[in-house]
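Scroll down for the structure; my scribbles are underneath it.
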Amino acid sequence: MSGVAPVGKRWPLVFSAAFSQTLSPARWAALRWRFFRLHFQYMCAFDRPGDYDYFRITAGAMTLRARYQGRRASTSRIERSVSKYASVRAAAEPKA
């Protein structure tokens, strides 16, 4: 991902799984510094499911449209360039 949103961007809707809120305090404390394990938490059950719940998304009764209708992206989403490399255009070929 470039981190740069095009003008008029609508998709994808990006929001946080909010581990510190969707896991119990004890579970969050046990996993907080286990980064590899946390990477896979996205596909595991949460103690207190919130907007992101893998099982409700993939096997729940609601469609994604119904589930996220009116849901806004997380405010922490960065949609501006934070790198000097903001273009995907290839550099000019060197002259032979």
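By convention here, the chains of the structure tokens are called A, B, ... in the order presented, each chain's residues are numbered starting at 1, and ligands are numbered starting at 1 in the order presented.
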- Task: With a distance cut-off of 9 Å and only C-alpha atoms, select the neighbouring residues of Asp53 of chain A, excluding the residue or stretch itself and same-chain residues fewer than 4 positions from it, and output the selection as a ChimeraX atom specification.
- Result: /A:17,42-46,49,57-58
Generate the output file for the selected residues, N, CA and C atoms, as a short mmCIF file (atom, residue, chain, number, x, y, z; two decimals), in the first residue's frame.
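Saved result, again.cif, follows:
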```cif
data_model
loop_
_atom_site.label_atom_id
_atom_site.label_comp_id
_atom_site.auth_asym_id
_atom_site.auth_seq_id
_atom_site.Cartn_x
_atom_site.Cartn_y
_atom_site.Cartn_z
N ALA A 17 -8.99 -3.44 14.23
CA ALA A 17 -9.58 -4.55 14.98
C ALA A 17 -9.65 -4.21 16.47
N TYR A 42 -6.24 -11.86 14.00
CA TYR A 42 -7.29 -11.45 13.06
C TYR A 42 -8.17 -12.63 12.64
N MET A 43 -7.64 -13.85 12.71
CA MET A 43 -8.40 -15.03 12.31
C MET A 43 -8.85 -15.86 13.51
N CYS A 44 -8.83 -15.28 14.68
CA CYS A 44 -9.22 -15.98 15.90
C CYS A 44 -10.43 -15.28 16.53
N ALA A 45 -11.04 -15.95 17.45
CA ALA A 45 -12.19 -15.36 18.15
C ALA A 45 -11.71 -14.28 19.13
N PHE A 46 -12.54 -13.29 19.32
CA PHE A 46 -12.26 -12.22 20.27
C PHE A 46 -13.12 -12.42 21.51
N PRO A 49 -16.20 -9.27 20.84
CA PRO A 49 -16.20 -8.90 19.42
C PRO A 49 -16.71 -7.49 19.18
N ILE A 57 -17.80 -12.00 10.08
CA ILE A 57 -17.62 -11.51 8.71
C ILE A 57 -17.73 -12.64 7.70
N THR A 58 -17.08 -13.77 7.99
CA THR A 58 -17.03 -14.85 7.01
C THR A 58 -18.21 -15.81 7.09
#
```
- Message: Could you list, as a VMD selection string, every residue within 9 Å of Phe15 of chain A, counting only C-alpha atoms and ignoring same-chain residues fewer than 4 positions away?
- Response: chain A and resid 51 to 52 72 to 77
Output the selection as a compact mmCIF listing (two decimals), in the first residue's frame - N, CA and C atoms for each residue.
```
# COMPACT_ATOMS: atom_id res chain seq x y z
N ASP A 51 -16.37 -4.33 15.75
CA ASP A 51 -16.61 -4.19 14.31
C ASP A 51 -15.90 -5.26 13.51
N TYR A 52 -14.71 -5.65 13.95
CA TYR A 52 -13.98 -6.69 13.23
C TYR A 52 -14.10 -7.99 14.00
N ARG A 72 -17.72 4.31 9.29
CA ARG A 72 -16.63 5.14 8.77
C ARG A 72 -15.31 4.45 9.00
N ALA A 73 -14.32 4.79 8.22
CA ALA A 73 -12.98 4.26 8.41
C ALA A 73 -12.41 4.75 9.74
N SER A 74 -11.46 4.02 10.27
CA SER A 74 -10.79 4.43 11.51
C SER A 74 -10.12 5.77 11.31
N THR A 75 -10.16 6.59 12.33
CA THR A 75 -9.55 7.91 12.24
C THR A 75 -8.03 7.83 12.18
N SER A 76 -7.45 6.71 12.60
CA SER A 76 -6.00 6.56 12.56
C SER A 76 -5.49 6.20 11.16
N ARG A 77 -6.39 5.97 10.22
CA ARG A 77 -6.01 5.62 8.85
C ARG A 77 -5.28 6.78 8.21
```
- How many Å separate atom CA of Arg71 of chain A from atom CA of Trp28 of chain A?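 Distance between the two atoms: 24.9 Å.
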- So how many Å separate atom CA of Gly50 of chain A and atom CA of Leu64 of chain A, to one decimal?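 Separation between atom CA of Gly50 of chain A and atom CA of Leu64 of chain A: 14.2 Å.
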In segment 15-87 of chain A, what's alpha helix (DSSP H) per DSSP? Answer as a PDB file with N, CA and C atoms, in the first residue's frame?
```
ATOM      1  N   PHE A  19      -7.625  -4.379  19.171  1.00  0.00           N
ATOM      2  CA  PHE A  19      -7.300  -5.481  20.074  1.00  0.00           C
ATOM      3  C   PHE A  19      -7.433  -5.099  21.542  1.00  0.00           C
ATOM      4  N   SER A  20      -7.012  -3.896  21.887  1.00  0.00           N
ATOM      5  CA  SER A  20      -7.057  -3.495  23.296  1.00  0.00           C
ATOM      6  C   SER A  20      -8.491  -3.370  23.804  1.00  0.00           C
ATOM      7  N   GLN A  21      -9.462  -3.294  22.898  1.00  0.00           N
ATOM      8  CA  GLN A  21     -10.867  -3.190  23.293  1.00  0.00           C
ATOM      9  C   GLN A  21     -11.635  -4.495  23.070  1.00  0.00           C
ATOM     10  N   THR A  22     -11.213  -5.306  22.103  1.00  0.00           N
ATOM     11  CA  THR A  22     -11.962  -6.521  21.775  1.00  0.00           C
ATOM     12  C   THR A  22     -11.427  -7.760  22.481  1.00  0.00           C
ATOM     13  N   PRO A  25      -8.843  -7.680  29.219  1.00  0.00           N
ATOM     14  CA  PRO A  25      -7.573  -7.137  29.707  1.00  0.00           C
ATOM     15  C   PRO A  25      -6.514  -8.217  29.942  1.00  0.00           C
ATOM     16  N   ALA A  26      -6.915  -9.359  30.470  1.00  0.00           N
ATOM     17  CA  ALA A  26      -5.949 -10.437  30.732  1.00  0.00           C
ATOM     18  C   ALA A  26      -5.396 -11.000  29.425  1.00  0.00           C
ATOM     19  N   ARG A  27      -6.254 -11.205  28.441  1.00  0.00           N
ATOM     20  CA  ARG A  27      -5.805 -11.756  27.155  1.00  0.00           C
ATOM     21  C   ARG A  27      -4.928 -10.753  26.425  1.00  0.00           C
ATOM     22  N   TRP A  28      -5.297  -9.477  26.461  1.00  0.00           N
ATOM     23  CA  TRP A  28      -4.497  -8.430  25.821  1.00  0.00           C
ATOM     24  C   TRP A  28      -3.112  -8.362  26.466  1.00  0.00           C
ATOM     25  N   ALA A  29      -3.038  -8.450  27.781  1.00  0.00           N
ATOM     26  CA  ALA A  29      -1.750  -8.421  28.471  1.00  0.00           C
ATOM     27  C   ALA A  29      -0.889  -9.622  28.074  1.00  0.00           C
ATOM     28  N   ALA A  30      -1.519 -10.779  27.894  1.00  0.00           N
ATOM     29  CA  ALA A  30      -0.762 -11.982  27.521  1.00  0.00           C
ATOM     30  C   ALA A  30      -0.246 -11.913  26.088  1.00  0.00           C
ATOM     31  N   LEU A  31      -0.962 -11.232  25.217  1.00  0.00           N
ATOM     32  CA  LEU A  31      -0.588 -11.207  23.794  1.00  0.00           C
ATOM     33  C   LEU A  31       0.120  -9.938  23.346  1.00  0.00           C
ATOM     34  N   PHE A  35       4.130 -10.371  18.923  1.00  0.00           N
ATOM     35  CA  PHE A  35       3.730  -9.799  17.642  1.00  0.00           C
ATOM     36  C   PHE A  35       3.353 -10.848  16.604  1.00  0.00           C
ATOM     37  N   PHE A  36       4.077 -11.944  16.544  1.00  0.00           N
ATOM     38  CA  PHE A  36       3.759 -12.984  15.577  1.00  0.00           C
ATOM     39  C   PHE A  36       2.381 -13.573  15.883  1.00  0.00           C
ATOM     40  N   ARG A  37       2.099 -13.818  17.149  1.00  0.00           N
ATOM     41  CA  ARG A  37       0.800 -14.347  17.545  1.00  0.00           C
ATOM     42  C   ARG A  37      -0.304 -13.334  17.282  1.00  0.00           C
ATOM     43  N   LEU A  38      -0.040 -12.073  17.558  1.00  0.00           N
ATOM     44  CA  LEU A  38      -1.039 -11.040  17.301  1.00  0.00           C
ATOM     45  C   LEU A  38      -1.374 -10.940  15.822  1.00  0.00           C
ATOM     46  N   HIS A  39      -0.404 -11.201  14.969  1.00  0.00           N
ATOM     47  CA  HIS A  39      -0.643 -11.173  13.529  1.00  0.00           C
ATOM     48  C   HIS A  39      -1.776 -12.135  13.162  1.00  0.00           C
ATOM     49  N   PHE A  40      -1.853 -13.268  13.820  1.00  0.00           N
ATOM     50  CA  PHE A  40      -2.876 -14.263  13.531  1.00  0.00           C
ATOM     51  C   PHE A  40      -4.161 -14.064  14.330  1.00  0.00           C
ATOM     52  N   GLN A  41      -4.170 -13.127  15.256  1.00  0.00           N
ATOM     53  CA  GLN A  41      -5.381 -12.862  16.037  1.00  0.00           C
ATOM     54  C   GLN A  41      -6.532 -12.438  15.139  1.00  0.00           C
ATOM     55  N   TYR A  54     -13.702 -12.009  12.652  1.00  0.00           N
ATOM     56  CA  TYR A  54     -13.498 -12.878  11.504  1.00  0.00           C
ATOM     57  C   TYR A  54     -14.673 -13.826  11.274  1.00  0.00           C
ATOM     58  N   PHE A  55     -15.180 -14.425  12.320  1.00  0.00           N
ATOM     59  CA  PHE A  55     -16.243 -15.411  12.168  1.00  0.00           C
ATOM     60  C   PHE A  55     -17.566 -14.764  11.783  1.00  0.00           C
ATOM     61  N   ARG A  56     -17.857 -13.601  12.324  1.00  0.00           N
ATOM     62  CA  ARG A  56     -19.085 -12.904  11.934  1.00  0.00           C
ATOM     63  C   ARG A  56     -18.988 -12.384  10.500  1.00  0.00           C
ATOM     64  N   ILE A  57     -17.799 -12.004  10.078  1.00  0.00           N
ATOM     65  CA  ILE A  57     -17.618 -11.506   8.712  1.00  0.00           C
ATOM     66  C   ILE A  57     -17.730 -12.641   7.703  1.00  0.00           C
ATOM     67  N   THR A  58     -17.081 -13.768   7.986  1.00  0.00           N
ATOM     68  CA  THR A  58     -17.034 -14.847   7.006  1.00  0.00           C
ATOM     69  C   THR A  58     -18.206 -15.814   7.091  1.00  0.00           C
ATOM     70  N   ALA A  59     -18.837 -15.965   8.252  1.00  0.00           N
ATOM     71  CA  ALA A  59     -19.899 -16.957   8.396  1.00  0.00           C
ATOM     72  C   ALA A  59     -21.152 -16.402   9.066  1.00  0.00           C
ATOM     73  N   LEU A  64     -21.866  -8.106   4.136  1.00  0.00           N
ATOM     74  CA  LEU A  64     -20.896  -7.059   4.476  1.00  0.00           C
ATOM     75  C   LEU A  64     -21.527  -5.676   4.325  1.00  0.00           C
ATOM     76  N   ARG A  65     -22.350  -5.510   3.300  1.00  0.00           N
ATOM     77  CA  ARG A  65     -23.011  -4.216   3.102  1.00  0.00           C
ATOM     78  C   ARG A  65     -23.861  -3.855   4.315  1.00  0.00           C
ATOM     79  N   ALA A  66     -24.663  -4.794   4.791  1.00  0.00           N
ATOM     80  CA  ALA A  66     -25.513  -4.532   5.959  1.00  0.00           C
ATOM     81  C   ALA A  66     -24.669  -4.318   7.213  1.00  0.00           C
ATOM     82  N   ARG A  67     -23.630  -5.125   7.387  1.00  0.00           N
ATOM     83  CA  ARG A  67     -22.788  -5.034   8.578  1.00  0.00           C
ATOM     84  C   ARG A  67     -22.077  -3.690   8.688  1.00  0.00           C
ATOM     85  N   TYR A  68     -21.608  -3.169   7.570  1.00  0.00           N
ATOM     86  CA  TYR A  68     -20.786  -1.954   7.616  1.00  0.00           C
ATOM     87  C   TYR A  68     -21.452  -0.733   7.016  1.00  0.00           C
TER      88      TYR A  68
END
```
- Would you work out the distance separating atom CA of Gly70 of chain A from atom CA of Ala18 of chain A, expressed in Å to one decimal?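 The value is 18.5 Å.
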